[in-house]
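Reproduced below: work.cif, with mmCIF, C-alpha atoms and all ligand atoms.
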data_entry
loop_
_atom_site.label_atom_id
_atom_site.label_comp_id
_atom_site.auth_asym_id
_atom_site.auth_seq_id
_atom_site.Cartn_x
_atom_site.Cartn_y
_atom_site.Cartn_z
CA LEU C 295 -22.26 5.99 37.10
CA TYR C 296 -24.93 3.51 36.08
CA ASN C 297 -28.69 3.53 35.79
CA SER C 298 -29.07 0.69 38.23
CA ALA C 299 -27.14 -1.42 40.70
CA GLU C 300 -27.94 -4.44 38.50
CA GLU C 301 -26.31 -2.93 35.44
CA ALA C 302 -23.31 -1.73 37.43
CA SER C 303 -22.85 -5.08 39.17
CA VAL C 304 -22.73 -6.98 35.88
CA LYS C 305 -20.08 -4.58 34.61
CA VAL C 306 -18.04 -4.86 37.82
CA ALA C 307 -18.22 -8.66 37.86
CA ASP C 308 -17.30 -8.89 34.19
CA THR C 309 -14.32 -6.60 34.84
CA ILE C 310 -13.15 -8.77 37.75
CA ALA C 311 -13.50 -11.95 35.68
CA ALA C 312 -11.57 -10.37 32.82
CA LYS C 313 -8.75 -9.37 35.18
CA ILE C 314 -8.54 -12.86 36.65
CA ASN C 315 -8.51 -14.35 33.15
CA ALA C 316 -5.85 -11.95 31.93
CA PHE C 317 -3.60 -12.77 34.87
CA ASN C 318 -1.11 -15.56 34.64
CA PRO C 319 -1.14 -17.10 38.12
CA THR C 320 1.39 -19.50 39.55
CA GLU C 321 1.38 -21.34 42.88
CA SER C 322 3.74 -18.73 44.28
CA LYS C 323 1.98 -15.82 42.63
CA PRO C 324 -1.78 -16.18 42.64
CA PHE C 325 -4.31 -13.47 41.81
CA VAL C 326 -5.08 -11.79 45.14
CA ILE C 327 -8.46 -10.17 45.61
CA GLY C 328 -9.98 -8.20 48.49
CA LEU C 329 -13.69 -8.75 49.05
CA PRO C 330 -16.50 -7.01 50.91
CA THR C 331 -19.77 -8.08 52.45
CA GLY C 332 -23.00 -6.08 52.58
CA SER C 333 -25.99 -5.93 50.27
CA SER C 334 -24.22 -3.81 47.63
CA PRO C 335 -21.82 -6.49 46.35
CA LEU C 336 -24.46 -9.25 46.33
CA LYS C 337 -25.28 -8.86 42.65
CA VAL C 338 -21.58 -8.79 41.80
CA TYR C 339 -21.21 -12.16 43.51
CA ALA C 340 -24.31 -13.50 41.76
CA ARG C 341 -22.88 -12.53 38.37
CA LEU C 342 -19.45 -14.01 39.18
CA ILE C 343 -21.18 -17.30 40.12
CA GLU C 344 -23.05 -17.21 36.80
CA LEU C 345 -19.80 -16.64 34.90
CA TYR C 346 -18.14 -19.48 36.80
CA LYS C 347 -20.99 -21.85 35.97
CA GLN C 348 -20.66 -20.89 32.30
CA GLY C 349 -16.97 -21.76 32.46
CA LYS C 350 -15.97 -18.14 31.90
CA VAL C 351 -13.91 -17.66 35.06
CA ASP C 352 -11.84 -19.92 37.26
CA PHE C 353 -11.01 -19.16 40.90
CA SER C 354 -8.64 -22.05 41.54
CA ASN C 355 -5.64 -19.74 41.65
CA VAL C 356 -7.29 -16.81 43.34
CA VAL C 357 -6.55 -15.91 46.96
CA SER C 358 -9.16 -13.81 48.75
CA PHE C 359 -9.03 -11.54 51.76
CA ASN C 360 -12.25 -10.35 53.27
CA MET C 361 -12.34 -6.90 54.74
CA ASP C 362 -13.95 -7.40 58.09
CA GLU C 363 -15.83 -9.58 60.55
CA TYR C 364 -17.94 -8.91 63.60
CA TYR C 365 -16.14 -9.47 66.88
CA GLN C 366 -17.28 -12.59 68.73
CA LEU C 367 -19.98 -13.60 66.30
CA PRO C 368 -19.50 -17.30 65.44
CA PRO C 369 -19.16 -18.27 61.75
CA SER C 370 -22.30 -20.39 62.18
CA ASN C 371 -24.32 -17.24 62.86
CA PRO C 372 -26.10 -16.31 59.60
CA GLU C 373 -25.17 -12.66 60.17
CA SER C 374 -21.46 -13.35 60.47
CA TYR C 375 -19.44 -12.32 57.45
CA HIS C 376 -18.05 -15.85 57.29
CA TYR C 377 -21.55 -17.21 56.81
CA PHE C 378 -22.41 -14.46 54.33
CA MET C 379 -19.37 -15.10 52.16
CA TYR C 380 -19.76 -18.87 52.00
CA THR C 381 -23.51 -18.73 51.41
CA ASN C 382 -23.45 -15.98 48.82
CA PHE C 383 -20.21 -16.76 47.05
CA PHE C 384 -17.59 -19.29 48.10
CA ASN C 385 -19.92 -22.31 48.23
CA HIS C 386 -20.82 -21.76 44.60
CA VAL C 387 -17.40 -21.27 43.00
CA ASN C 388 -14.08 -23.12 42.97
CA PHE C 389 -11.82 -21.32 45.44
CA LYS C 390 -9.40 -23.68 47.18
CA PRO C 391 -10.47 -23.61 50.86
CA GLU C 392 -6.94 -22.68 51.94
CA ASN C 393 -7.03 -19.63 49.67
CA ILE C 394 -9.95 -18.03 51.49
CA ASN C 395 -9.00 -15.58 54.24
CA ILE C 396 -11.48 -14.03 56.65
CA LEU C 397 -10.62 -12.43 59.98
CA ASN C 398 -11.43 -14.71 62.89
CA GLY C 399 -13.81 -12.73 65.08
CA LEU C 400 -13.63 -15.45 67.73
CA ALA C 401 -9.86 -15.25 68.18
CA GLU C 402 -9.02 -15.16 71.89
CA ASP C 403 -6.17 -12.77 71.21
CA TRP C 404 -7.69 -10.38 68.68
CA GLU C 405 -4.55 -8.24 68.50
CA LYS C 406 -2.54 -11.24 67.41
CA GLU C 407 -5.23 -12.19 64.91
CA CYS C 408 -5.14 -8.70 63.37
CA GLN C 409 -1.35 -8.76 63.15
CA ARG C 410 -1.46 -12.23 61.55
CA TYR C 411 -3.97 -11.01 58.96
CA GLU C 412 -2.06 -7.85 58.11
CA ALA C 413 1.17 -9.86 57.74
CA LYS C 414 -0.52 -12.48 55.57
CA ILE C 415 -1.82 -9.82 53.18
CA LYS C 416 1.66 -8.31 52.96
CA SER C 417 3.22 -11.74 52.40
CA TYR C 418 1.64 -11.77 48.92
CA GLY C 419 3.38 -8.54 48.00
CA LYS C 420 0.20 -6.90 46.77
CA ILE C 421 -3.52 -7.31 46.36
CA ASN C 422 -4.23 -7.25 42.64
CA PHE C 423 -7.76 -5.98 42.98
CA PHE C 424 -9.72 -4.74 45.95
CA LEU C 425 -13.50 -4.68 45.73
CA GLY C 426 -15.12 -2.61 48.46
CA GLY C 427 -18.44 -1.31 49.66
CA MET C 428 -19.26 1.83 51.59
CA GLY C 429 -21.30 2.45 54.73
CA PRO C 430 -23.85 5.29 54.99
CA GLU C 431 -21.32 7.46 56.88
CA GLY C 432 -18.63 6.81 54.31
CA HIS C 433 -16.92 3.92 56.06
CA ILE C 434 -14.85 1.45 54.08
CA ALA C 435 -14.83 -2.06 55.59
CA PHE C 436 -15.44 -1.18 59.24
CA ASN C 437 -13.17 1.87 59.20
CA GLU C 438 -15.58 4.16 60.93
CA SER C 439 -15.43 7.92 60.88
CA GLY C 440 -12.24 8.93 62.70
CA SER C 441 -10.14 6.16 61.15
CA LYS C 442 -6.71 7.36 60.12
CA ARG C 443 -5.12 7.05 56.69
CA ASP C 444 -2.34 4.92 58.18
CA SER C 445 -4.67 2.55 60.06
CA LYS C 446 -3.93 -1.17 59.90
CA THR C 447 -5.96 -4.27 60.69
CA ARG C 448 -7.47 -3.83 64.14
CA ARG C 449 -10.49 -4.09 66.37
CA ILE C 450 -12.88 -1.16 66.13
CA LYS C 451 -15.88 0.00 68.11
CA LEU C 452 -18.86 0.38 65.83
CA VAL C 453 -20.57 3.76 65.83
CA ASP C 454 -24.28 4.06 66.60
CA SER C 455 -25.26 4.78 62.99
CA THR C 456 -23.53 1.60 61.79
CA ILE C 457 -25.18 -0.46 64.52
CA LYS C 458 -28.51 1.05 63.52
CA ALA C 459 -27.93 0.52 59.76
CA ASN C 460 -26.83 -3.08 60.26
CA SER C 461 -29.60 -3.91 62.75
CA ARG C 462 -31.81 -4.61 59.72
CA PHE C 463 -29.93 -7.88 59.42
CA PHE C 464 -30.49 -8.71 63.09
CA GLY C 465 -34.28 -8.52 63.04
CA GLY C 466 -34.13 -4.78 63.68
CA ASP C 467 -32.85 -5.44 67.21
CA LEU C 468 -29.99 -3.04 68.05
CA ASN C 469 -29.02 -5.20 71.02
CA LYS C 470 -28.25 -8.15 68.80
CA VAL C 471 -25.74 -6.25 66.67
CA PRO C 472 -22.15 -6.80 67.82
CA LYS C 473 -20.66 -3.59 69.18
CA SER C 474 -17.23 -4.08 67.70
CA ALA C 475 -15.58 -5.71 64.73
CA LEU C 476 -12.20 -6.69 63.33
CA THR C 477 -11.38 -4.80 60.16
CA VAL C 478 -8.54 -4.20 57.76
CA GLY C 479 -7.33 -0.61 58.01
CA ILE C 480 -7.35 2.18 55.46
CA SER C 481 -3.63 1.69 54.91
CA THR C 482 -4.11 -2.09 54.63
CA VAL C 483 -6.40 -1.52 51.67
CA LEU C 484 -4.82 1.49 49.99
CA ASP C 485 -1.15 0.72 50.47
CA ASN C 486 -1.33 -2.92 49.43
CA SER C 487 -3.71 -2.86 46.48
CA GLU C 488 -2.89 -2.21 42.86
CA GLU C 489 -6.46 -1.24 42.12
CA VAL C 490 -9.44 -0.42 44.34
CA LEU C 491 -13.07 -0.39 43.18
CA VAL C 492 -15.82 0.60 45.60
CA VAL C 493 -19.49 0.01 44.83
CA VAL C 494 -21.98 2.55 46.22
CA PHE C 495 -25.63 1.82 45.50
CA GLY C 496 -28.95 3.15 46.69
CA LYS C 497 -30.46 6.36 48.03
CA GLY C 498 -29.23 5.64 51.55
CA LYS C 499 -25.65 6.19 50.39
CA ASN C 500 -26.23 9.70 49.07
CA TRP C 501 -24.55 11.47 51.99
CA ALA C 502 -21.57 9.12 51.92
CA LEU C 503 -21.13 9.40 48.18
CA LEU C 504 -21.40 13.18 47.94
CA ASN C 505 -19.09 13.74 50.90
CA THR C 506 -16.59 11.24 49.57
CA LEU C 507 -16.55 12.93 46.18
CA THR C 508 -16.50 16.54 47.29
CA ARG C 509 -14.34 16.63 50.41
CA LYS C 510 -10.60 16.59 50.77
CA PRO C 511 -9.21 13.37 52.26
CA THR C 512 -10.36 13.36 55.88
CA SER C 513 -10.80 10.86 58.69
CA ALA C 514 -14.31 12.26 59.13
CA VAL C 515 -15.34 10.48 55.92
CA PRO C 516 -12.95 7.55 55.39
CA GLY C 517 -14.14 7.08 51.79
CA THR C 518 -12.35 10.33 50.92
CA PHE C 519 -9.01 8.54 51.39
CA LEU C 520 -9.70 6.72 48.13
CA LYS C 521 -8.42 9.93 46.54
CA THR C 522 -4.98 9.17 47.90
CA HIS C 523 -4.78 5.97 45.85
CA PRO C 524 -3.48 6.25 42.28
CA ASN C 525 -5.88 3.69 40.88
CA SER C 526 -9.18 3.82 42.71
CA ILE C 527 -12.66 4.10 41.31
CA ILE C 528 -16.17 4.42 42.69
CA VAL C 529 -18.98 2.69 40.81
CA ALA C 530 -22.37 4.13 41.78
CA ASP C 531 -25.97 4.14 40.63
CA TYR C 532 -28.12 7.22 40.09
CA ASP C 533 -30.03 6.54 43.29
CA ALA C 534 -26.85 7.06 45.30
CA ILE C 535 -25.98 10.31 43.54
CA GLU C 536 -29.53 11.70 43.58
CA GLY C 537 -30.60 10.57 47.04
CA GLU C 538 -34.15 10.88 48.35
C1 LIG X 601 -21.05 -2.99 56.60
C2 LIG X 601 -19.72 -3.56 56.19
C3 LIG X 601 -19.08 -2.77 55.09
C4 LIG X 601 -20.07 -2.53 53.97
C5 LIG X 601 -21.23 -1.75 54.53
C6 LIG X 601 -22.28 -1.40 53.50
O1 LIG X 601 -20.92 -1.98 57.52
N1 LIG X 601 -18.80 -3.67 57.27
O2 LIG X 601 -17.94 -3.45 54.62
O3 LIG X 601 -19.47 -1.85 52.92
O4 LIG X 601 -21.85 -2.55 55.51
O5 LIG X 601 -23.23 -2.40 53.40
P1 LIG X 601 -24.41 -2.39 52.38
O6 LIG X 601 -23.82 -2.67 51.06
O7 LIG X 601 -25.32 -3.50 52.83
O8 LIG X 601 -25.06 -1.07 52.47
#

Now that the file is in, can you turn its structure into C-alpha cells?
Amino acid sequence: LYNSAEEASVKVADTIAAKINAFNPTESKPFVIGLPTGSSPLKVYARLIELYKQGKVDFSNVVSFNMDEYYQLPPSNPESYHYFMYTNFFNHVNFKPENINILNGLAEDWEKECQRYEAKIKSYGKINFFLGGMGPEGHIAFNESGSKRDSKTRRIKLVDSTIKANSRFFGGDLNKVPKSALTVGISTVLDNSEEVLVVVFGKGKNWALLNTLTRKPTSAVPGTFLKTHPNSIIVADYDAIEGE
C-alpha cells in the first residue's frame, strides 16, 4: 500500500527491471512478461522507459504478452490496445518486434486466434512475471464478472459498467466503445505465471479492491481468484483503499 500511484509505480517498475536484470535469458529461454493496458500502468511504463534510457534495463531478450484487445478495433485506432502499447511503451524501448504479442482483434476467426495465443503463451513454459490492472468491478484483463477460474483466452461480451467506464477514452460516447473483446482467461494468467502483480489505483477502484480483498474466490469478482495463486500481490494506493 503506497501513498500515491506515482510512488507505487516507481517501485513496481524498479522491481520489474530488477527481475529482468537478475534473469539470465537465452534465445530459447527469454524473460516472459504479461502486460496490461489502462491508465493504472501508465506510470509504470513511463518509469521503465526512463530506466531503459538510463541504460538500467534491457528488453532485447524479453517476450511480452498483452492481456486483451478490443474486438474489431483496428490497431491504427488510438483506443486500440495495440496503439496504446506501442505509443506508451514499445516505441520507446528495445523489444524485438517479433517478441511482442498482442491478441489480434481483427482476426476473421477469433476462436482460432484465441487458441493460437493461448498455445503460444504455453509454448514458453511459463510467464515469469505478470503485471495486471483491475477494472472497477474487479475484472482482470477483460475477464468480466462471471468469468470462471478455469477460463482460457476467448472472446467476451463487455458488461455495461465496463463500457461506461471505458467510454471516457471514446469521447464519452458509449456507442463508440466496442461491445466485445478478446482476452486471456483467468486460468491463462494464474496457471501460467510464476508471479502476478496487479496495480489498483484511485478512488474509483475502492469497490473492486475491498471486494477482492475480503471475499472468498468467486466469479462474481474475478480479482478474488488472485488468492488461488501462490505468488500474487496487489499494489494499491490509499485512494483505492479509502474510496470517496
Ligand atoms: C480495461 C482493461 C483492463 C484494465 C482496466 C482498468 O477494462 N481491459 O485490463 O485493467 O481497464 O483500467 P484503468 O487502469 O484505466 O482503470

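Of note, CA of Ile434 (chain C) and CA of Ala311 (chain C) are spaced 22.8 Å apart.
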
- request: Give the residues close to ligand LIG 601 (chain X), within 9 Å, counting all atoms listed in the file; write them as an NGL selection string.
  value: :C and (329-336 or 361-364 or 375 or 426-430 or 432-438 or 452 or 456-457 or 459-460 or 475 or 477 or 492-496 or 498-499)

task: Kindly give the distance, in Å, that separates CA of Glu488 (chain C) and CA of Leu476 (chain C), rounded to a single decimal.
output: 22.9 Å

Would you pick out the contacts of Glu300 (chain C) at 10 Å or less, using only C-alpha atoms, so that residues sharing its chain but fewer than 4 positions from it are not included, and give the list as a compact mmCIF listing (two decimals) with C-alpha atoms, keeping the file's coordinate frame?
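Okay, out.txt is ready:
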# COMPACT_ATOMS: atom_id res chain seq x y z
CA TYR C 296 -24.93 3.51 36.08
CA VAL C 304 -22.73 -6.98 35.88
CA LYS C 305 -20.08 -4.58 34.61
CA VAL C 306 -18.04 -4.86 37.82
CA SER C 334 -24.22 -3.81 47.63
CA LEU C 336 -24.46 -9.25 46.33
CA LYS C 337 -25.28 -8.86 42.65
CA VAL C 338 -21.58 -8.79 41.80
CA ARG C 341 -22.88 -12.53 38.37
CA PHE C 495 -25.63 1.82 45.50
CA ASP C 531 -25.97 4.14 40.63

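Coordinates place CA of Met379 (chain C) at a distance of 16.1 Å from CA of Tyr365 (chain C).
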
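The nearest approach to Ala502 (chain C) among the residues C:Glu489, C:Gly517, C:Ile314, C:Gly328, with only C-alpha atoms taken into account, belongs to C:Gly517.
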
Which neighbours of Phe378 (chain C) fall inside 9 Å, counting all atoms listed in the file, when residues of the same chain fewer than 4 positions from it are skipped, and could you give them as a JSON list (two decimals) with C-alpha atoms, keeping the file's coordinate frame?
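The resulting file, around_31.json, is shown below:
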[["chain", "number", "residue", "atom", "x", "y", "z"],
["C", 331, "THR", "CA", -19.77, -8.08, 52.45],
["C", 332, "GLY", "CA", -23.00, -6.08, 52.58],
["C", 369, "PRO", "CA", -19.16, -18.27, 61.75],
["C", 372, "PRO", "CA", -26.10, -16.31, 59.60],
["C", 373, "GLU", "CA", -25.17, -12.66, 60.17],
["C", 374, "SER", "CA", -21.46, -13.35, 60.47],
["C", 382, "ASN", "CA", -23.45, -15.98, 48.82],
["C", 383, "PHE", "CA", -20.21, -16.76, 47.05]]

field: Spatial neighbours of region 389-393 of chain C, 9 Å, only C-alpha atoms, chain gap at least 6 places, as a count of residues only
entry: 8

field: Pick from C:Val490, C:Val387, C:Leu504, C:Cys408 nearest to Arg448 (chain C), counting all atoms listed in the file
entry: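 Answer, going by the shortest atom-to-atom distance: C:Cys408.
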
Can you sort out the box for region 468-475 of chain C, edges along x, y and z, all listed atoms in, 6 Å on every side, with centre and edge lengths in Å to one decimal, as AutoDock Vina command-line options?
--center_x -22.8 --center_y -5.6 --center_z 67.9 --size_x 26.4 --size_y 17.1 --size_z 18.3

query: Using all atoms listed in the file, which of C:Asp444, C:Asp485, C:Glu538, C:Glu407 sits nearest Asn395 (chain C)?
result: C:Glu407

message: Between C:Val471, C:Ala534, C:Leu342, C:Ala514, which residue has the minimum interatomic distance to Asn500 (chain C), considering all atoms listed in the file?
response: C:Ala534

field: Selected residue, from C:Ile535, C:Ile528, C:Val351, C:Ile421, that lies nearest to Leu484 (chain C) when counting all atoms listed in the file
entry: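 That would be C:Ile421, the residue with the smallest distance to Leu484 (chain C).
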
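Closest to Arg449 (chain C) among C:Thr506, C:Ser487, C:Ser474, C:Asn469 is C:Ser474, based on all atoms listed in the file.
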